[in-house]
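Engineer: Okay, here's the structure, questions in a sec.
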Amino acid sequence: MLETRIAKDLLRIGAVFFRPDEPFTWASGIQSPVYCDNRLTLTSPDVRTDVEEGLKSLVETHYPDAEVLMGTSTAGIAHAAITAHLMGLPMGYVRSGNKDHGRKNRIEGRLEPGQKVVVVEDLISTGGSAIETVEALREAGAEVLGIVSIFTYGMQKGLDRLAEAKVGNVSLTNFDVIARVAAEEGYIREEDVRRLIAFRDHPEDESWREA
């Protein structure tokens with residue numbers, strides 16, 4: 001299955017870091033036992049091929065009417081560019097804010113009102129950056145068909161925010177698959193899986209650290 005293959009790819013190149021005993025601190029302040037750095041997929045040609053062909057397949061399957069791919073800034077830009085190249089589609093990207101010089105663009109690349117757009121994101125946790133991108137594209141008159149991403153945590157906050165924004169996301173792999181494969185292949189202990197899932201389900205409750 002694609003989900004398992006991508007999970008194995010990410011684990012093999014060290015793109016997923018597990019530290020349940022020494023958690024990472026996210027920008028939001030959340031203490032997390034796992035950190036996923038999908039930028040590392042760009043430096044591994046075979047994994048990069050799996051990822052970009054996988055994203056192409058997701059777009060073709062779930063959003064066959066896509067006319068433009070738009071990457072989130074900055075992590076989604078390269079993936080949007082490569083996937084768009086494979087599909088023969090235009091691409092661009094959306095900045096986190098307007099430039100303060102030149103044309104002061106927020107959306108880079110040509111986008112016509114009414115065009116059908118798919119957003120390309122590297123990962124979804126709470127959904128913030130992807131939703132900001134969707135909103136900017138809608139304000140510019142685009143019809144956003146949905147989001148494709150490499151990895152999703154499946155956090156309830158992210159799911160709720162996507163639902164509220166009325167936009168769907170499909171990912172190549174997810175937190176549950178990564179945790180299962182990591183245990184099967186000896187990256188983590190079997191007993192750590194329960195702690196990881198407890199974190200994913202209630203990230204604000206740090207009792208998973210003693211689980």
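Each chain in the structure tokens gets a letter, A, B and so on, in the order shown; residues start at 1 in every chain, and ligands are counted from 1 in the order they appear.
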Write out as a list in words which residues come within 10 Å of region 57-63 of chain A when counting only C-alpha atoms, dropping same-chain ones fewer than 3 positions away.
Structural biologist: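 My reading of the contact set: Val51, Glu52, Glu53, Gly54, Ala66, Glu67, Leu69, Thr83, Ala84, Met87, Lys116, Val117, Val118, Val119, Val120, Val144, Leu145, Gly146, Ile147, Val148, Ser149, Gly168, Asn169, Val170, Ser171 and Leu172 of chain A.
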Engineer: Set the distance at 6 Å and use only C-alpha atoms: which residues neighbour region 121-127 of chain A once local chain neighbours fewer than 5 positions away are removed? I'd like the list as a PyMOL selection string.
Structural biologist: chain A and resi 72+75-76+149-153+157-158
Engineer: So that I can check the secondary structure, give me every residue of region 8-186 of chain A assigned strand (DSSP E or B) by backbone DSSP, as a ChimeraX atom specification.
Structural biologist: /A:16-18,24-25,31-32,34-36,68-72,91-94,107-108,116-124,143-152,169-174
Engineer: List the neighbours of Leu111 (chain A) out to 9 Å using only C-alpha atoms; skip same-chain residues closer than 4 positions along the sequence, and give me the result as a PyMOL selection string.
Structural biologist: chain A and resi 68+91-92+107+115+137+140-142
Engineer: Quick one: everything within 10 Å of Arg194 (chain A), counting only C-alpha atoms, minus sequence neighbours fewer than 5 positions away in the same chain. Send it as a list in words.
Structural biologist: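 In the requested form, the answer reads Ala179, Arg189, Phe199, Arg200, Trp208 and Ala211 of chain A.
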Engineer: Hey, which of A:Val94, A:Ala15, A:Ile197, A:Val134 ends up closest to Ser44 (chain A)? Count only C-alpha atoms.
Structural biologist: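 Of the candidates, the smallest distance to Ser44 (chain A) is held by A:Ala15.
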Engineer: Can you tell me, as an MDAnalysis selection string, which residues in region 7-192 of chain A count as alpha helix (DSSP H) by DSSP?
Structural biologist: chainID A and resid 7:12 45:62 77:87 128:139 156:164 175:184 190:192
Engineer: Rank A:Tyr35, A:Tyr187, A:Glu164, A:Glu108 by their smallest atom-to-atom distance to Pro23 (chain A), using only C-alpha atoms, and report the top residue only.
Structural biologist: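 Nearest candidate to Pro23 (chain A) out of A:Tyr35, A:Tyr187, A:Glu164, A:Glu108: A:Tyr35.
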Engineer: Choose the residue, out of A:Ala163, A:Leu89, A:Met155, A:Ile30, that has the smallest atom-to-atom separation from Met70 (chain A); count only C-alpha atoms.
Structural biologist: A:Leu89
